[in-house]
Protein chains: 6
Amino acid sequence: MIYITRRERFNAAHRLFKPNFSDEKNMEIFGKCSNPNWHGHNYDLFITVKGEVNPETGFLVNLKTLSKIIREKIIEKIDHKNINLEVDFMQNKMASTENLSIAIWNELEPYINKLNCKLHCVKVYESENNFVEYFG
Amino acid sequence: MIYITRRERFNAAHRLFKPNFSDEKNMEIFGKCSNPNWHGHNYDLFITVKGEVNPETGFLVNLKTLSKIIREKIIEKIDHKNINLEVDFMQNKMASTENLSIAIWNELEPYINKLNCKLHCVKVYESENNFVEYFG
Amino acid sequence: MIYITRRERFNAAHRLFKPNFSDEKNMEIFGKCSNPNWHGHNYDLFITVKGEVNPETGFLVNLKTLSKIIREKIIEKIDHKNINLEVDFMQNKMASTENLSIAIWNELEPYINKLNCKLHCVKVYESENNFVEYFG
Amino acid sequence: MIYITRRERFNAAHRLFKPNFSDEKNMEIFGKCSNPNWHGHNYDLFITVKGEVNPETGFLVNLKTLSKIIREKIIEKIDHKNINLEVDFMQNKMASTENLSIAIWNELEPYINKLNCKLHCVKVYESENNFVEYFG
Amino acid sequence: MIYITRRERFNAAHRLFKPNFSDEKNMEIFGKCSNPNWHGHNYDLFITVKGEVNPETGFLVNLKTLSKIIREKIIEKIDHKNINLEVDFMQNKMASTENLSIAIWNELEPYINKLNCKLHCVKVYESENNFVEYFG
Amino acid sequence: MIYITRRERFNAAHRLFKPNFSDEKNMEIFGKCSNPNWHGHNYDLFITVKGEVNPETGFLVNLKTLSKIIREKIIEKIDHKNINLEVDFMQNKMASTENLSIAIWNELEPYINKLNCKLHCVKVYESENNFVEYFG
């Protein structure tokens, strides 16, 4: 069993808030992350897959294939977008890094299962000081 | 003459567009940075000042003082904000990293002039691949 | 189950030595880290907690709360301090990164248990080339 | 149980190809990594070992000893070398990061077993976007 | 006057040697960098241009245009290549980082002059410890 | 004219204080940096030299020679040391990053002048947020 990780990046706007709360109550719970006019981040996304090395190629998985899946299923939908308003797999969810990591897992897993490996970890850096890991 | 640099960070949403252009025309010129629903970044801000070392303290400037000025005059106004809508020193300006660097210079210079040093450079990283420097 | 990590930083002086050894014997075993006049580091501290996402907030834990605990219980006691002489939770211990990681775990765990999550890992970088992880 | 990691670095040339394939077929499968004239990387190698802290020294393992083993057994054989042509432990293997990680594990494990710890992970960064982890 | 920098990256093999010297003499002068079987690096390339901000767009230069020029004129010719054997603008030159920086300047300057800005600096990182800057 | 930079690193303890002030007065002026029991840092040192490329070697200067000078004249004297008590070139000086940069310049310049280049810049990072540059 071996593990390989691919990093991709995206920039997006988001806001943490509950629509049935007032702006004041959202500010109390979510602080400046609840700003109604949005804020944003440069997100770093690390996708780790695991499996056996193919003795023919020396690869667990062709990283070009893995990168293409991540870009098509995640990056194209979220890069330079508003996570709350425009990202289909985040609709009706709090736009937290935790929920984002779980949603990215759910989006990617079916496509990675078709490769000769399994999804092991989705890791999302929101800033140099904060990151979330989800293992399914 | 010696140069000292302080890094501060902020996260913000922005959009590159001209209000008198259609969304289509803005997309043509500014690409995905013109998204009407905003996107955002983790910005890194490097402020460099220059001057003579004070022989009493061994300091060019007390970094706590410099950091306090940057936080009060810039970070508190822009962190977790929408640059186009909420930042007073960016009103009526294209929210490009170039204009942001020049505006930050103009905001900081009067306060740094009151210290025993001069503002030398405002450097703004929009991403790990792009940054702007302004020397006044 | 999801994992979230917060980074905090501190600068400190320390020395690796056994008080019942001579300086020469300490130098033989601990090398230049045994310097009687101390040396120091910029330490990076990564605290990882794990648990379930709160469906109300989308958070595993409010990072402001987690950061506040780390700062109060660890950073305020160790930042700009001498680990051997001044840090209560390191008294009578070799000031190695291994012992530091274990002691930080022991300091933090009771407070993190009061949150809706469990402490998963304490990771301490002593330099860009060396780090220790402790999982309890 | 505690985990300590040492980073070492090496620069090397390599090529991904199967000698019984034509250059065209290698290009089809391995892309630009199959270039017959080689290309290269700055590799980052992270070696993690695990075990109990020695109460005498506060160390899991003396990092100078660990670093010396990694340098003698791996870095001196691969740094500024051609992985395909010159590295004994990579002969007759596809020079992929996956195979490199496994081979480094096999080279190091007997020597680390002689210390008071066990090899836990070999992690090899080929670039800032790609890395492999092997846990034996 | 404002300065904007774009980072691009490439991986390449090279060798430092003079063809009229023996391998032994090359080793004496160039050390392990003279290895006849090549070695390689992940190079980081920072291109800085300078000029006036266009008041219409807020841009000094459209970074997509700048990136496209760097990719077409430099990256496509050098990425995953052997600098000594395959890169037209490095033929008959010692493949040092110094010469590489000067050659990249000479390749890029005519194309950047056609934009509304001037080339200011070519900066090439060969490793995290070594980099070269050329200002023309 | 071309510029080449070499990074070296050192870890050291220091304290900012004036011996004729009380600990209280030192704390008022220098804050927690005045702690009588010392604190410390991982310092990053960047030495930039400038000159003409030697057409024989393609080098401005042999980096092994430059690195050897920096290590002999600076790193061996300051690494794992107490800057205030043990570093000859910092005696009777406030141990600020500003004074450290100037003292390193004065130590290195005579030796770099004997090479075929000139010292251009001494840059010292005290932390990821603070650095000083001195150009002579």
# chains A, B, ... in the order shown; residues from 1 in each chain; ligands from 1
$ closest_atom_pairs --of "chain B" --to "chain F" --cutoff "10 Å" --atoms "only C-alpha atoms" --output "CSV"
residue,atom,partner,partner_atom,distance
B:Met1,CA,F:Tyr134,CA,7.3
B:Ile2,CA,F:Tyr134,CA,5.1
B:Tyr3,CA,F:Glu133,CA,5.0
B:Ile4,CA,F:Val132,CA,4.4
B:Thr5,CA,F:Phe131,CA,5.4
B:Arg6,CA,F:Asn130,CA,5.0
B:Arg7,CA,F:Asn129,CA,4.7
B:Glu8,CA,F:Asn129,CA,7.2
B:Arg9,CA,F:Asn129,CA,9.7
B:Leu45,CA,F:Asn129,CA,10.0
B:Phe46,CA,F:Asn129,CA,8.5
B:Ile47,CA,F:Asn130,CA,9.9
B:Thr48,CA,F:Val132,CA,9.0
B:Val49,CA,F:Val132,CA,9.7
B:Lys50,CA,F:Glu133,CA,9.3
B:Glu52,CA,F:Glu98,CA,9.7
B:Val53,CA,F:Glu98,CA,7.1
B:Asn54,CA,F:Glu98,CA,9.7
B:Pro55,CA,F:Met94,CA,8.5
B:Glu56,CA,F:Met94,CA,8.3
B:Thr57,CA,F:Met94,CA,6.8
B:Gly58,CA,F:Met94,CA,5.4
B:Phe59,CA,F:Glu98,CA,6.4
B:Leu60,CA,F:Glu98,CA,7.1
B:Val61,CA,F:Glu98,CA,9.7
B:Asn62,CA,F:Phe30,CA,8.5
B:Leu63,CA,F:Asn130,CA,8.3
B:Lys64,CA,F:Gly31,CA,9.3
$ write_last_selection --atoms "C-alpha atoms" --output "mmCIF file, in the first residue's frame"
data_model
loop_
_atom_site.group_PDB
_atom_site.id
_atom_site.type_symbol
_atom_site.label_atom_id
_atom_site.label_comp_id
_atom_site.auth_asym_id
_atom_site.auth_seq_id
_atom_site.Cartn_x
_atom_site.Cartn_y
_atom_site.Cartn_z
ATOM 1 C CA MET B 1 20.715 53.366 6.052
ATOM 2 C CA ILE B 2 18.980 50.124 6.990
ATOM 3 C CA TYR B 3 15.711 48.514 5.850
ATOM 4 C CA ILE B 4 13.265 46.615 8.018
ATOM 5 C CA THR B 5 10.171 44.774 6.797
ATOM 6 C CA ARG B 6 7.043 43.715 8.647
ATOM 7 C CA ARG B 7 4.589 41.168 7.237
ATOM 8 C CA GLU B 8 0.876 41.361 8.009
ATOM 9 C CA ARG B 9 -1.909 39.326 6.421
ATOM 10 C CA LEU B 45 1.363 42.495 2.920
ATOM 11 C CA PHE B 46 5.056 43.394 3.381
ATOM 12 C CA ILE B 47 5.804 46.950 4.550
ATOM 13 C CA THR B 48 9.453 48.033 4.298
ATOM 14 C CA VAL B 49 10.738 51.166 6.017
ATOM 15 C CA LYS B 50 14.237 52.644 5.913
ATOM 16 C CA GLU B 52 19.192 55.086 10.531
ATOM 17 C CA VAL B 53 19.597 52.746 13.502
ATOM 18 C CA ASN B 54 18.910 54.480 16.820
ATOM 19 C CA PRO B 55 22.139 53.903 18.821
ATOM 20 C CA GLU B 56 20.191 53.879 22.115
ATOM 21 C CA THR B 57 17.853 51.019 21.199
ATOM 22 C CA GLY B 58 19.559 49.302 18.271
ATOM 23 C CA PHE B 59 16.240 49.704 16.442
ATOM 24 C CA LEU B 60 15.445 51.462 13.187
ATOM 25 C CA VAL B 61 11.876 51.506 14.454
ATOM 26 C CA ASN B 62 10.044 49.613 17.171
ATOM 27 C CA LEU B 63 8.299 46.841 15.237
ATOM 28 C CA LYS B 64 5.395 46.844 17.681
#
$ select_by_dssp --residues "chain A" --states "strand (DSSP E or B)" --output "count of residues only"
43
$ residues_around --residues "Asp88 of chain B" --least-positions-apart "2" --cutoff "12 Å" --atoms "only C-alpha atoms" --output "list in words"
Lys73, Ile74, Glu76, Lys77, Ile78, Lys81, Asn82, Ile83, Asn84, Leu85, Glu86, Met90, Gln91, Asn92, Lys93, Ala95, Leu100, Ala103, Ile104 and Glu107 of chain B
$ write_last_selection --atoms "N, CA, C and O atoms" --output "PDB file, in the first residue's frame"
ATOM      1  N   LYS B  73      -4.439  51.105  10.408  1.00  0.00           N
ATOM      2  CA  LYS B  73      -4.755  51.900   9.225  1.00  0.00           C
ATOM      3  C   LYS B  73      -5.146  51.028   8.029  1.00  0.00           C
ATOM      4  O   LYS B  73      -5.798  51.508   7.098  1.00  0.00           O
ATOM      5  N   ILE B  74      -4.690  49.772   8.020  1.00  0.00           N
ATOM      6  CA  ILE B  74      -4.957  48.918   6.849  1.00  0.00           C
ATOM      7  C   ILE B  74      -5.726  47.658   7.239  1.00  0.00           C
ATOM      8  O   ILE B  74      -6.828  47.430   6.734  1.00  0.00           O
ATOM      9  N   GLU B  76      -7.368  46.402   9.828  1.00  0.00           N
ATOM     10  CA  GLU B  76      -8.724  46.471  10.401  1.00  0.00           C
ATOM     11  C   GLU B  76      -9.759  46.922   9.388  1.00  0.00           C
ATOM     12  O   GLU B  76     -10.941  46.613   9.515  1.00  0.00           O
ATOM     13  N   LYS B  77      -9.310  47.672   8.383  1.00  0.00           N
ATOM     14  CA  LYS B  77     -10.262  48.169   7.377  1.00  0.00           C
ATOM     15  C   LYS B  77     -10.502  47.183   6.245  1.00  0.00           C
ATOM     16  O   LYS B  77     -11.473  47.332   5.490  1.00  0.00           O
ATOM     17  N   ILE B  78      -9.617  46.220   6.049  1.00  0.00           N
ATOM     18  CA  ILE B  78      -9.680  45.388   4.837  1.00  0.00           C
ATOM     19  C   ILE B  78      -9.819  43.894   5.151  1.00  0.00           C
ATOM     20  O   ILE B  78     -10.295  43.131   4.308  1.00  0.00           O
ATOM     21  N   LYS B  81     -13.110  41.650   4.581  1.00  0.00           N
ATOM     22  CA  LYS B  81     -13.995  42.643   3.964  1.00  0.00           C
ATOM     23  C   LYS B  81     -14.082  42.437   2.448  1.00  0.00           C
ATOM     24  O   LYS B  81     -13.340  41.635   1.881  1.00  0.00           O
ATOM     25  N   ASN B  82     -14.996  43.174   1.850  1.00  0.00           N
ATOM     26  CA  ASN B  82     -15.114  43.227   0.397  1.00  0.00           C
ATOM     27  C   ASN B  82     -14.390  44.491  -0.069  1.00  0.00           C
ATOM     28  O   ASN B  82     -14.805  45.608   0.278  1.00  0.00           O
ATOM     29  N   ILE B  83     -13.311  44.327  -0.809  1.00  0.00           N
ATOM     30  CA  ILE B  83     -12.466  45.478  -1.170  1.00  0.00           C
ATOM     31  C   ILE B  83     -13.251  46.502  -1.983  1.00  0.00           C
ATOM     32  O   ILE B  83     -13.134  47.707  -1.759  1.00  0.00           O
ATOM     33  N   ASN B  84     -14.082  46.038  -2.903  1.00  0.00           N
ATOM     34  CA  ASN B  84     -14.838  46.974  -3.743  1.00  0.00           C
ATOM     35  C   ASN B  84     -15.882  47.749  -2.953  1.00  0.00           C
ATOM     36  O   ASN B  84     -16.072  48.949  -3.184  1.00  0.00           O
ATOM     37  N   LEU B  85     -16.562  47.087  -2.047  1.00  0.00           N
ATOM     38  CA  LEU B  85     -17.726  47.695  -1.397  1.00  0.00           C
ATOM     39  C   LEU B  85     -17.423  48.368  -0.064  1.00  0.00           C
ATOM     40  O   LEU B  85     -18.137  49.287   0.339  1.00  0.00           O
ATOM     41  N   GLU B  86     -16.404  47.906   0.651  1.00  0.00           N
ATOM     42  CA  GLU B  86     -16.312  48.283   2.060  1.00  0.00           C
ATOM     43  C   GLU B  86     -15.035  49.014   2.458  1.00  0.00           C
ATOM     44  O   GLU B  86     -14.939  49.489   3.589  1.00  0.00           O
ATOM     45  N   MET B  90     -10.231  52.307  -1.121  1.00  0.00           N
ATOM     46  CA  MET B  90     -10.301  51.704  -2.459  1.00  0.00           C
ATOM     47  C   MET B  90     -11.576  52.109  -3.202  1.00  0.00           C
ATOM     48  O   MET B  90     -11.854  51.575  -4.293  1.00  0.00           O
ATOM     49  N   GLN B  91     -12.344  53.036  -2.642  1.00  0.00           N
ATOM     50  CA  GLN B  91     -13.570  53.443  -3.331  1.00  0.00           C
ATOM     51  C   GLN B  91     -13.255  54.114  -4.660  1.00  0.00           C
ATOM     52  O   GLN B  91     -12.290  54.860  -4.779  1.00  0.00           O
ATOM     53  N   ASN B  92     -14.072  53.786  -5.667  1.00  0.00           N
ATOM     54  CA  ASN B  92     -13.937  54.377  -7.006  1.00  0.00           C
ATOM     55  C   ASN B  92     -12.616  54.033  -7.682  1.00  0.00           C
ATOM     56  O   ASN B  92     -12.125  54.787  -8.517  1.00  0.00           O
ATOM     57  N   LYS B  93     -12.057  52.890  -7.280  1.00  0.00           N
ATOM     58  CA  LYS B  93     -10.829  52.421  -7.942  1.00  0.00           C
ATOM     59  C   LYS B  93     -11.032  50.975  -8.373  1.00  0.00           C
ATOM     60  O   LYS B  93     -11.721  50.215  -7.693  1.00  0.00           O
ATOM     61  N   ALA B  95     -10.180  47.346  -8.252  1.00  0.00           N
ATOM     62  CA  ALA B  95      -9.611  46.639  -7.098  1.00  0.00           C
ATOM     63  C   ALA B  95      -8.474  45.691  -7.508  1.00  0.00           C
ATOM     64  O   ALA B  95      -8.424  44.534  -7.096  1.00  0.00           O
ATOM     65  N   LEU B 100      -4.272  48.527  -5.200  1.00  0.00           N
ATOM     66  CA  LEU B 100      -4.274  48.254  -3.759  1.00  0.00           C
ATOM     67  C   LEU B 100      -2.922  48.651  -3.142  1.00  0.00           C
ATOM     68  O   LEU B 100      -2.871  49.283  -2.070  1.00  0.00           O
ATOM     69  N   ALA B 103      -2.673  52.461  -2.973  1.00  0.00           N
ATOM     70  CA  ALA B 103      -3.572  53.011  -1.948  1.00  0.00           C
ATOM     71  C   ALA B 103      -3.028  52.750  -0.544  1.00  0.00           C
ATOM     72  O   ALA B 103      -3.124  53.613   0.329  1.00  0.00           O
ATOM     73  N   ILE B 104      -2.472  51.564  -0.339  1.00  0.00           N
ATOM     74  CA  ILE B 104      -1.897  51.257   0.977  1.00  0.00           C
ATOM     75  C   ILE B 104      -0.719  52.188   1.260  1.00  0.00           C
ATOM     76  O   ILE B 104      -0.558  52.695   2.370  1.00  0.00           O
ATOM     77  N   GLU B 107      -2.124  55.518   2.318  1.00  0.00           N
ATOM     78  CA  GLU B 107      -2.681  55.477   3.667  1.00  0.00           C
ATOM     79  C   GLU B 107      -1.589  55.489   4.730  1.00  0.00           C
ATOM     80  O   GLU B 107      -1.730  56.131   5.769  1.00  0.00           O
TER      81      GLU B 107
END
$ atom_distance --atom1 "atom CA of Thr65 of chain A" --atom2 "atom CA of Cys117 of chain A"
12.0 Å
$ residues_around --residues "Gly40 of chain B" --least-positions-apart "2" --cutoff "12 Å" --atoms "only C-alpha atoms" --output "PyMOL selection string"
(chain A and resi 10-15+37-43+78-83+126) or (chain B and resi 10-16+32-35+37-38+42-43+78-84+95-96+126-127)
$ select_by_dssp --residues "segment 25-113 of chain C" --states "alpha helix (DSSP H)" --output "ChimeraX atom specification"
/C:25-30,63-70,76-78,83-86,97-113
$ closest_residue --among "B:Pro36, B:Leu108, B:Lys118, B:Asn26" --to "Arg71 of chain B" --atoms "only C-alpha atoms"
B:Leu108
